[in-house]
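Asker: Sharing a structure below in structure tokens format, with a few things to ask.
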Amino acid sequence: MKPNRQDSGRHTGNTLAATGGATTRELMQRMGHSSVRAALVYQHLVNGRDHEIADYVDGQIKKVKRPPHGPSGT
């Protein structure tokens, strides 16, 4: 069974809401759910990104060259 476009748009919208900082309760309201189960799926997606973001930032910091110690000569 092929997923329909409405479900894809709904998933994208909820993923963007979660990455935008929506709380579990806010996601539940957006989805029309009374259970936290579905909302936690989107919250979990965001939690996984924390590690990706931290790894990226760490890599960028490691690329920066530190100036040599001592007089700058200026």
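Identifiers in the structure tokens: chain A, B, ... in order shown; residue index from 1 per chain; ligand index from 1 in order shown.
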List as a PDB file with N, CA and C atoms, in the first residue's frame the protein and nucleic acid residues near A:Leu45, meaning an atom at most 12 Å away when only C-alpha atoms are counted, but skip any in the same chain fewer than 2 places from it.
Answerer:
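For reference, part33.pdb as written:
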ATOM      1  N   HIS A  11       3.084  13.930   8.444  1.00  0.00           N
ATOM      2  CA  HIS A  11       4.337  13.501   9.072  1.00  0.00           C
ATOM      3  C   HIS A  11       5.374  14.626   9.012  1.00  0.00           C
ATOM      4  N   THR A  12       5.510  15.241   7.859  1.00  0.00           N
ATOM      5  CA  THR A  12       6.471  16.339   7.699  1.00  0.00           C
ATOM      6  C   THR A  12       6.129  17.488   8.636  1.00  0.00           C
ATOM      7  N   ASN A  14       4.459  17.439  11.453  1.00  0.00           N
ATOM      8  CA  ASN A  14       4.710  17.086  12.850  1.00  0.00           C
ATOM      9  C   ASN A  14       6.199  17.000  13.153  1.00  0.00           C
ATOM     10  N   THR A  15       6.977  16.529  12.193  1.00  0.00           N
ATOM     11  CA  THR A  15       8.426  16.492  12.380  1.00  0.00           C
ATOM     12  C   THR A  15       8.980  17.908  12.502  1.00  0.00           C
ATOM     13  N   LEU A  16       8.517  18.807  11.635  1.00  0.00           N
ATOM     14  CA  LEU A  16       8.973  20.200  11.701  1.00  0.00           C
ATOM     15  C   LEU A  16       8.527  20.864  12.999  1.00  0.00           C
ATOM     16  N   ALA A  17       7.321  20.564  13.447  1.00  0.00           N
ATOM     17  CA  ALA A  17       6.843  21.121  14.712  1.00  0.00           C
ATOM     18  C   ALA A  17       7.713  20.638  15.872  1.00  0.00           C
ATOM     19  N   ALA A  18       8.070  19.361  15.855  1.00  0.00           N
ATOM     20  CA  ALA A  18       8.908  18.814  16.923  1.00  0.00           C
ATOM     21  C   ALA A  18      10.297  19.436  16.905  1.00  0.00           C
ATOM     22  N   THR A  19      10.879  19.575  15.717  1.00  0.00           N
ATOM     23  CA  THR A  19      12.212  20.181  15.645  1.00  0.00           C
ATOM     24  C   THR A  19      12.153  21.667  15.952  1.00  0.00           C
ATOM     25  N   GLY A  20      10.978  22.257  15.798  1.00  0.00           N
ATOM     26  CA  GLY A  20      10.790  23.667  16.136  1.00  0.00           C
ATOM     27  C   GLY A  20      10.546  23.897  17.612  1.00  0.00           C
ATOM     28  N   GLY A  21      10.514  22.826  18.392  1.00  0.00           N
ATOM     29  CA  GLY A  21      10.389  22.967  19.834  1.00  0.00           C
ATOM     30  C   GLY A  21       9.018  22.653  20.401  1.00  0.00           C
ATOM     31  N   ALA A  38       2.010   8.435  19.886  1.00  0.00           N
ATOM     32  CA  ALA A  38       2.366   8.955  18.563  1.00  0.00           C
ATOM     33  C   ALA A  38       3.245  10.197  18.680  1.00  0.00           C
ATOM     34  N   ALA A  39       2.943  11.073  19.627  1.00  0.00           N
ATOM     35  CA  ALA A  39       3.730  12.297  19.806  1.00  0.00           C
ATOM     36  C   ALA A  39       5.167  11.967  20.182  1.00  0.00           C
ATOM     37  N   LEU A  40       5.354  10.919  20.957  1.00  0.00           N
ATOM     38  CA  LEU A  40       6.706  10.547  21.377  1.00  0.00           C
ATOM     39  C   LEU A  40       7.562  10.083  20.204  1.00  0.00           C
ATOM     40  N   VAL A  41       6.931   9.577  19.149  1.00  0.00           N
ATOM     41  CA  VAL A  41       7.680   9.193  17.949  1.00  0.00           C
ATOM     42  C   VAL A  41       8.395  10.421  17.397  1.00  0.00           C
ATOM     43  N   TYR A  42       7.686  11.540  17.333  1.00  0.00           N
ATOM     44  CA  TYR A  42       8.281  12.767  16.801  1.00  0.00           C
ATOM     45  C   TYR A  42       9.291  13.362  17.770  1.00  0.00           C
ATOM     46  N   GLN A  43       9.027  13.270  19.062  1.00  0.00           N
ATOM     47  CA  GLN A  43       9.983  13.744  20.052  1.00  0.00           C
ATOM     48  C   GLN A  43      11.265  12.918  19.971  1.00  0.00           C
ATOM     49  N   ASN A  47      15.265  13.999  19.500  1.00  0.00           N
ATOM     50  CA  ASN A  47      16.341  13.590  20.409  1.00  0.00           C
ATOM     51  C   ASN A  47      17.514  12.999  19.646  1.00  0.00           C
ATOM     52  N   GLY A  48      17.254  12.268  18.595  1.00  0.00           N
ATOM     53  CA  GLY A  48      18.326  11.713  17.786  1.00  0.00           C
ATOM     54  C   GLY A  48      19.135  12.794  17.094  1.00  0.00           C
ATOM     55  N   ARG A  49      18.509  13.884  16.755  1.00  0.00           N
ATOM     56  CA  ARG A  49      19.197  14.995  16.094  1.00  0.00           C
ATOM     57  C   ARG A  49      20.164  15.683  17.035  1.00  0.00           C
ATOM     58  N   ASP A  50      19.904  15.649  18.316  1.00  0.00           N
ATOM     59  CA  ASP A  50      20.808  16.291  19.266  1.00  0.00           C
ATOM     60  C   ASP A  50      22.232  15.763  19.101  1.00  0.00           C
ATOM     61  N   HIS A  51      22.360  14.464  18.929  1.00  0.00           N
ATOM     62  CA  HIS A  51      23.685  13.866  18.767  1.00  0.00           C
ATOM     63  C   HIS A  51      24.316  14.280  17.435  1.00  0.00           C
ATOM     64  N   GLU A  52      23.510  14.299  16.383  1.00  0.00           N
ATOM     65  CA  GLU A  52      24.022  14.717  15.075  1.00  0.00           C
ATOM     66  C   GLU A  52      24.511  16.167  15.119  1.00  0.00           C
TER      67      GLU A  52
END
Asker: Report, in Å with one decimal, the straight-line distance from atom CA of A:Gly9 to atom CA of A:Met31.
Answerer: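 Atom CA of A:Met31 lies 12.0 Å from atom CA of A:Gly9.
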